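Have a look at data.cif; it's mmCIF, C-alpha atoms:
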data_query
#
loop_
_atom_site.label_atom_id
_atom_site.label_comp_id
_atom_site.auth_asym_id
_atom_site.auth_seq_id
_atom_site.Cartn_x
_atom_site.Cartn_y
_atom_site.Cartn_z
CA SER A 11 116.14 -118.21 176.60
CA GLN A 12 114.23 -117.12 173.50
CA GLN A 13 112.10 -119.76 171.91
CA GLY A 14 110.23 -117.82 169.24
CA GLU A 15 112.03 -116.67 166.14
CA GLU A 16 110.21 -114.22 163.88
CA ASP A 17 110.75 -113.96 160.18
CA PRO A 18 111.37 -111.61 158.49
CA GLN A 19 113.22 -109.30 160.88
CA ALA A 20 111.92 -106.30 158.94
CA LEU A 21 109.14 -105.84 156.41
CA SER A 22 108.24 -102.76 154.38
CA ILE A 23 105.00 -102.60 152.38
CA GLN A 24 102.58 -100.10 150.88
CA GLU A 25 99.28 -99.18 152.43
CA GLY A 26 96.54 -101.55 151.33
CA GLU A 27 98.87 -104.52 150.91
CA ASN A 28 98.81 -107.58 153.17
CA ALA A 29 101.62 -108.23 155.65
CA THR A 30 102.63 -111.72 156.70
CA MET A 31 104.95 -112.45 159.60
CA ASN A 32 106.11 -115.87 160.69
CA CYS A 33 107.16 -117.32 164.01
CA SER A 34 108.96 -120.60 164.65
CA TYR A 35 109.45 -122.15 168.06
CA LYS A 36 111.27 -125.11 169.52
CA THR A 37 109.27 -126.89 172.23
CA SER A 38 105.66 -127.97 172.71
CA ILE A 39 103.34 -125.20 173.76
CA ASN A 40 100.04 -124.55 175.49
CA ASN A 41 99.37 -121.47 173.41
CA LEU A 42 101.04 -118.89 171.21
CA GLN A 43 100.34 -115.18 171.40
CA TRP A 44 101.07 -112.19 169.18
CA TYR A 45 101.84 -108.74 170.54
CA ARG A 46 102.35 -105.36 168.94
CA GLN A 47 104.77 -102.65 170.09
CA ASN A 48 104.79 -99.10 168.81
CA SER A 49 108.19 -97.45 168.99
CA GLY A 50 109.17 -96.60 172.57
CA ARG A 51 105.94 -97.95 174.03
CA GLY A 52 104.74 -101.02 175.88
CA LEU A 53 103.45 -104.16 174.18
CA VAL A 54 99.79 -104.70 173.42
CA HIS A 55 98.23 -108.15 173.23
CA LEU A 56 96.69 -108.89 169.82
CA ILE A 57 95.57 -112.48 169.74
CA LEU A 58 96.06 -115.86 171.42
CA ILE A 59 95.82 -119.21 169.66
CA ARG A 60 95.73 -122.45 171.64
CA SER A 61 97.68 -125.54 170.67
CA ASN A 62 94.49 -127.35 169.58
CA GLU A 63 93.45 -124.51 167.27
CA ARG A 64 94.66 -124.10 163.68
CA GLU A 65 93.38 -120.66 162.76
CA LYS A 66 91.94 -117.61 164.46
CA HIS A 67 90.64 -114.27 163.25
CA SER A 68 90.31 -110.89 164.90
CA GLY A 69 89.29 -107.99 162.68
CA ARG A 70 92.01 -107.63 160.01
CA LEU A 71 94.25 -110.14 161.78
CA ARG A 72 94.48 -113.80 160.89
CA VAL A 73 96.70 -116.17 162.85
CA THR A 74 97.52 -119.74 161.93
CA LEU A 75 99.27 -122.36 163.99
CA ASP A 76 100.96 -125.53 162.74
CA THR A 77 102.10 -127.52 165.75
CA SER A 78 103.66 -130.24 163.59
CA LYS A 79 106.01 -127.64 162.10
CA LYS A 80 106.18 -125.62 165.32
CA SER A 81 105.31 -122.46 163.46
CA SER A 82 102.72 -119.70 163.37
CA SER A 83 101.93 -116.87 161.01
CA LEU A 84 100.28 -113.50 161.52
CA LEU A 85 98.54 -111.95 158.52
CA ILE A 86 97.44 -108.32 158.58
CA THR A 87 95.11 -107.61 155.69
CA ALA A 88 94.61 -104.25 153.99
CA SER A 89 97.42 -102.67 156.00
CA ARG A 90 97.35 -99.06 157.12
CA ALA A 91 100.12 -96.64 158.04
CA ALA A 92 98.94 -96.96 161.66
CA ASP A 93 99.91 -100.66 161.58
CA THR A 94 103.57 -99.60 161.54
CA ALA A 95 105.05 -101.26 164.63
CA SER A 96 107.08 -104.24 165.81
CA TYR A 97 105.23 -107.52 166.17
CA PHE A 98 106.31 -110.24 168.59
CA CYS A 99 105.24 -113.81 169.04
CA ALA A 100 105.29 -115.29 172.53
CA THR A 101 104.92 -118.92 173.48
CA ASP A 102 103.60 -120.49 176.66
CA PRO A 103 105.70 -123.68 176.84
CA LYS A 104 104.16 -126.90 178.12
CA GLY A 105 105.51 -128.09 181.45
CA GLY A 106 104.12 -125.43 183.73
CA SER A 107 106.82 -122.80 183.35
CA GLU A 108 104.27 -120.06 184.15
CA LYS A 109 106.03 -117.56 181.90
CA LEU A 110 105.93 -116.51 178.27
CA VAL A 111 108.97 -116.68 176.02
CA PHE A 112 109.24 -113.88 173.46
CA GLY A 113 110.89 -113.80 170.05
CA LYS A 114 112.94 -110.90 168.69
CA GLY A 115 110.11 -109.46 166.63
CA THR A 116 109.36 -108.30 163.10
CA LYS A 117 109.54 -104.58 162.42
CA LEU A 118 106.73 -103.67 160.03
CA THR A 119 106.70 -100.39 158.12
CA VAL A 120 103.59 -99.50 156.16
CA ASN A 121 104.23 -96.67 153.74
CA PRO A 122 101.34 -94.30 152.92
CA ASP B 94 90.89 -96.65 184.04
CA GLY B 95 92.61 -99.91 184.92
CA GLY B 96 96.14 -100.48 183.86
CA ILE B 97 99.80 -100.64 184.71
CA THR B 98 101.81 -97.56 185.57
CA GLN B 99 105.57 -97.48 185.31
CA SER B 100 107.71 -94.65 186.56
CA PRO B 101 109.86 -92.87 185.78
CA LYS B 102 109.59 -92.91 181.98
CA TYR B 103 113.24 -91.86 181.61
CA LEU B 104 116.01 -92.29 184.16
CA PHE B 105 119.69 -91.47 184.10
CA ARG B 106 122.12 -93.09 186.45
CA LYS B 107 125.78 -92.74 187.18
CA GLU B 108 127.84 -95.88 187.29
CA GLY B 109 127.88 -97.45 190.73
CA GLN B 110 124.42 -96.22 191.72
CA ASN B 111 121.38 -98.35 192.44
CA VAL B 112 118.09 -97.26 190.93
CA THR B 113 114.55 -98.45 191.55
CA LEU B 114 111.89 -98.61 188.86
CA SER B 115 108.29 -98.48 189.99
CA CYS B 116 105.48 -100.67 188.67
CA GLU B 117 101.91 -100.37 189.97
CA GLN B 118 98.79 -102.14 188.67
CA ASN B 119 95.12 -101.70 189.53
CA LEU B 120 93.89 -104.68 187.53
CA ASN B 121 93.82 -106.97 190.58
CA HIS B 122 96.15 -109.32 188.75
CA ASP B 123 97.99 -112.03 190.65
CA ALA B 124 101.11 -112.26 188.51
CA MET B 125 103.61 -109.54 187.66
CA TYR B 126 106.71 -109.61 185.47
CA TRP B 127 109.78 -107.53 184.65
CA TYR B 128 111.33 -107.71 181.20
CA ARG B 129 114.38 -106.08 179.70
CA GLN B 130 114.46 -105.03 176.04
CA ASP B 131 117.63 -104.05 174.19
CA PRO B 132 117.55 -102.34 170.75
CA GLY B 133 116.31 -104.65 168.04
CA GLN B 134 115.87 -107.46 170.52
CA GLY B 135 113.02 -109.33 172.04
CA LEU B 136 112.05 -109.32 175.68
CA ARG B 137 114.12 -111.13 178.25
CA LEU B 138 112.56 -112.03 181.60
CA ILE B 139 114.28 -110.64 184.69
CA TYR B 140 111.98 -111.61 187.56
CA TYR B 141 108.38 -112.63 188.03
CA SER B 142 105.96 -113.01 190.91
CA GLN B 143 102.84 -115.14 191.05
CA ILE B 144 101.68 -114.12 194.55
CA VAL B 145 102.47 -111.57 197.22
CA ASN B 146 105.72 -112.12 199.12
CA ASP B 147 107.00 -114.60 196.54
CA PHE B 148 109.02 -114.15 193.36
CA GLN B 149 111.24 -116.17 191.03
CA LYS B 150 114.31 -115.40 188.96
CA GLY B 151 113.91 -115.20 185.24
CA ASP B 152 116.58 -115.70 182.60
CA ILE B 153 118.70 -112.63 183.43
CA ALA B 154 118.21 -111.93 187.16
CA GLU B 155 121.86 -111.20 187.99
CA GLY B 156 122.35 -107.59 189.10
CA TYR B 157 118.64 -107.03 189.75
CA SER B 158 116.38 -107.36 192.79
CA VAL B 159 112.63 -107.16 193.34
CA SER B 160 110.04 -107.21 196.11
CA ARG B 161 106.34 -108.02 196.16
CA GLU B 162 104.99 -106.72 199.45
CA LYS B 163 101.65 -105.69 197.97
CA LYS B 164 99.59 -107.28 195.21
CA GLU B 165 99.52 -104.09 193.18
CA SER B 166 103.21 -103.22 193.37
CA PHE B 167 106.35 -104.90 191.98
CA PRO B 168 109.37 -102.55 192.07
CA LEU B 169 112.62 -103.47 190.33
CA THR B 170 116.01 -102.35 191.64
CA VAL B 171 118.87 -102.22 189.19
CA THR B 172 121.96 -102.61 191.31
CA SER B 173 125.53 -101.53 190.69
CA ALA B 174 126.31 -105.21 190.09
CA GLN B 175 124.45 -105.08 186.78
CA LYS B 176 127.27 -104.54 184.29
CA ASN B 177 125.26 -103.25 181.35
CA PRO B 178 122.06 -101.71 182.71
CA THR B 179 121.25 -99.30 179.87
CA ALA B 180 118.02 -100.69 178.41
CA PHE B 181 114.26 -100.35 178.14
CA TYR B 182 112.47 -102.01 181.06
CA LEU B 183 108.93 -103.29 180.78
CA CYS B 184 106.60 -104.36 183.56
CA ALA B 185 103.63 -106.60 182.87
CA SER B 186 100.86 -108.38 184.72
CA SER B 187 98.49 -111.26 184.09
CA GLN B 188 95.37 -112.45 185.81
CA GLY B 189 96.31 -115.99 186.71
CA ARG B 190 99.38 -118.08 187.19
CA ASN B 191 99.36 -119.14 183.54
CA PRO B 192 100.05 -116.11 181.32
CA SER B 193 97.08 -116.19 178.95
CA GLU B 194 97.47 -112.48 178.25
CA LEU B 195 100.03 -110.00 179.50
CA PHE B 196 99.18 -106.36 180.12
CA PHE B 197 102.18 -104.08 179.79
CA GLY B 198 103.13 -100.71 181.16
CA GLU B 199 104.62 -98.02 178.94
CA GLY B 200 108.17 -98.83 179.96
CA SER B 201 111.08 -97.10 181.67
CA ARG B 202 114.21 -96.20 179.73
CA LEU B 203 117.34 -96.35 181.87
CA THR B 204 120.56 -94.79 180.68
CA VAL B 205 123.83 -95.14 182.54
CA LEU B 206 126.11 -92.15 182.10
#
Could you write out this file's structure as structure tokens?
Amino acid sequence: SQQGEEDPQALSIQEGENATMNCSYKTSINNLQWYRQNSGRGLVHLILIRSNEREKHSGRLRVTLDTSKKSSSLLITASRAADTASYFCATDPKGGSEKLVFGKGTKLTVNP
Amino acid sequence: DGGITQSPKYLFRKEGQNVTLSCEQNLNHDAMYWYRQDPGQGLRLIYYSQIVNDFQKGDIAEGYSVSREKKESFPLTVTSAQKNPTAFYLCASSQGRNPSELFFGEGSRLTVL
């Protein structure tokens, strides 16, 4: 079952602009992770934010987590054409399920 | 270089045939996972294994089988019982039982003719 739901499904921006993607989930979590997938390739882990954290940064990435609203956002600042990819959130649900649950992803296109 | 290797990259199968997708990791990770991805969709978990000689069904295990005889290997067999096997298959691994970070292979694209 898919817990994460990304929004928007697709996003097209110009190079240099910021891109914001959102993820909503349904149950309590231990952590939430964001992954990137280039077309036809495997996923690459970007960042993990724990349930007791509210914000985390990694380079041009900024992730926020609001556990009261069961939502997270991924901000990519000063986007580049190379950021074009699909971005997925994945949740680690509380209760010891030992497996991540992925959303359907946001397809980001950064136009040069 | 440590990582996960999936093979083959592309595979064509006739209806009624079983096929086996290979997944090998040299990261010394305990846990391994198989996901299925359909166009425009997220990842759905097929099977996962936390330790050698043990594995659990995921959300869509019907028509698939796995084995975990060695820590580094987790092959997936797509059987003829899988009604719609055309998809992109992704193997992943993580260090511990709780998936703090998954490392993915490059995927195998299976097409049924």
**Prompt:** Could you spell out the hits of the PyMOL selection byres ((chain A) within 7 of (chain B)) on the shown file, as a PyMOL selection string?
**Reply:** chain A and resi 11+51-55+108-110+112-115
**Request:** Pick out the residues sitting within 12 Å of Asn32 of chain A, and hand them over as JSON, numbers by chain; count all atoms listed in the file, and ignore anything fewer than 4 positions along from it in its own chain.
**Result:** {"A": [14, 15, 16, 17, 18, 19, 20, 21, 44, 72, 73, 74, 75, 76, 79, 80, 81, 82, 83, 84, 85, 86, 97, 98, 99, 100, 113, 114, 115, 116, 117]}
Could you write those residues out with C-alpha atoms, as a tab-separated table (two decimals), in the frame of the given file?
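Result file follows (result24.tsv):
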chain	number	residue	atom	x	y	z
A	14	GLY	CA	110.23	-117.82	169.24
A	15	GLU	CA	112.03	-116.67	166.14
A	16	GLU	CA	110.21	-114.22	163.88
A	17	ASP	CA	110.75	-113.96	160.18
A	18	PRO	CA	111.37	-111.61	158.49
A	19	GLN	CA	113.22	-109.30	160.88
A	20	ALA	CA	111.92	-106.30	158.94
A	21	LEU	CA	109.14	-105.84	156.41
A	44	TRP	CA	101.07	-112.19	169.18
A	72	ARG	CA	94.48	-113.80	160.89
A	73	VAL	CA	96.70	-116.17	162.85
A	74	THR	CA	97.52	-119.74	161.93
A	75	LEU	CA	99.27	-122.36	163.99
A	76	ASP	CA	100.96	-125.53	162.74
A	79	LYS	CA	106.01	-127.64	162.10
A	80	LYS	CA	106.18	-125.62	165.32
A	81	SER	CA	105.31	-122.46	163.46
A	82	SER	CA	102.72	-119.70	163.37
A	83	SER	CA	101.93	-116.87	161.01
A	84	LEU	CA	100.28	-113.50	161.52
A	85	LEU	CA	98.54	-111.95	158.52
A	86	ILE	CA	97.44	-108.32	158.58
A	97	TYR	CA	105.23	-107.52	166.17
A	98	PHE	CA	106.31	-110.24	168.59
A	99	CYS	CA	105.24	-113.81	169.04
A	100	ALA	CA	105.29	-115.29	172.53
A	113	GLY	CA	110.89	-113.80	170.05
A	114	LYS	CA	112.94	-110.90	168.69
A	115	GLY	CA	110.11	-109.46	166.63
A	116	THR	CA	109.36	-108.30	163.10
A	117	LYS	CA	109.54	-104.58	162.42
Spatial neighbours of Pro101 of chain B, max dist 8 Å, only C-alpha atoms, sep filter under 3 positions, as a CSV table (one decimal) with C-alpha atoms, in the coordinates of the input:
chain,number,residue,atom,x,y,z
B,104,LEU,CA,116.0,-92.3,184.2
B,114,LEU,CA,111.9,-98.6,188.9
B,115,SER,CA,108.3,-98.5,190.0
B,201,SER,CA,111.1,-97.1,181.7
**Request:** Starting from the displayed file, determine the output of the PyMOL selection byres ((chain B and resi 117) around 9) and express the residue list as a list in words.
**Result:** Gly96, Ile97, Thr98, Gln99, Ser100, Ser115, Cys116, Gln118, Asn119, Lys164, Glu165, Ser166, Phe167, Pro168, Cys184 and Gly198 of chain B
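A straight line drawn from atom CA of Cys33 of chain A to atom CA of Ile139 of chain B is 22.9 Å long.
Among A:Thr101, A:Ser78, A:Thr94, A:Thr119, the residue with the shortest atom-to-atom distance to Tyr35 of chain A, counting all atoms listed in the file, is A:Thr101.
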**Request:** Quote the spacing between atom CA of Val120 of chain A and atom CA of Glu27 of chain A in Å to one decimal place.
**Result:** 8.7 Å
**Asked** Written as a ChimeraX atom specification, which residues does the PyMOL selection byres ((chain A and resi 28) around 9) give for the file shown?
**Response** /A:23-27,29-30,85-89
I need the chosen residues saved as a compact mmCIF listing (two decimals), keeping the file's coordinate frame, with C-alpha atoms.
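After the write, part-v9.txt holds the following:
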# COMPACT_ATOMS: atom_id res chain seq x y z
CA ILE A 23 105.00 -102.60 152.38
CA GLN A 24 102.58 -100.10 150.88
CA GLU A 25 99.28 -99.18 152.43
CA GLY A 26 96.54 -101.55 151.33
CA GLU A 27 98.87 -104.52 150.91
CA ALA A 29 101.62 -108.23 155.65
CA THR A 30 102.63 -111.72 156.70
CA LEU A 85 98.54 -111.95 158.52
CA ILE A 86 97.44 -108.32 158.58
CA THR A 87 95.11 -107.61 155.69
CA ALA A 88 94.61 -104.25 153.99
CA SER A 89 97.42 -102.67 156.00
**Prompt:** Which distance in Å separates atom CA of Gln110 of chain B and atom CA of Ile144 of chain B, to one decimal?
**Reply:**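 Going from atom CA of Gln110 of chain B over to atom CA of Ile144 of chain B covers 29.1 Å.
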**Asked** Pick the closest to Ser22 of chain A from A:Val111, A:Leu42, A:Ala91, A:Ile59: which is it, counting all atoms listed in the file?
**Response** A:Ala91
**Item:** Contact residues around Ser173 of chain B with all atoms listed in the file at 10 Å, ignoring same-chain residues under 2 positions, as a list in words
**Value:**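 What passes the distance filter is Lys107, Glu108, Gly109, Gln110, Asn111, Val112, Gly156, Tyr157, Thr170, Val171, Gln175, Lys176, Asn177 and Pro178 of chain B.
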**Message:** Under the rule that all atoms listed in the file are counted, which of B:Ala180, B:Asp123, B:Asn146, B:Glu155 is the nearest residue to Thr204 of chain B?
**Reply:**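 Checking each candidate against Thr204 of chain B, we get B:Ala180 as the closest.
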Give the padded box for segment 74-79 of chain A as AutoDock Vina command-line options: axis-aligned, covering all atoms listed in the file, 4 Å on each side, centre and edge lengths in Å to one decimal.
--center_x 101.8 --center_y -125.0 --center_z 163.8 --size_x 16.5 --size_y 18.5 --size_z 11.8
**Message:** Between B:Ser160, B:Asn121, B:Thr172, B:Gln149, which residue has the minimum interatomic distance to Ser187 of chain B, considering all atoms listed in the file?
**Reply:**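 Of the candidates, the smallest distance to Ser187 of chain B is held by B:Asn121.
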**Request:** Kindly indicate which residue among A:Arg46, A:Arg60, A:Lys36, A:His67 lies nearest to Ala92 of chain A, using all atoms listed in the file for the distances.
**Result:**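 Once distances to Ala92 of chain A are computed over all atoms listed in the file, the minimum belongs to A:Arg46.
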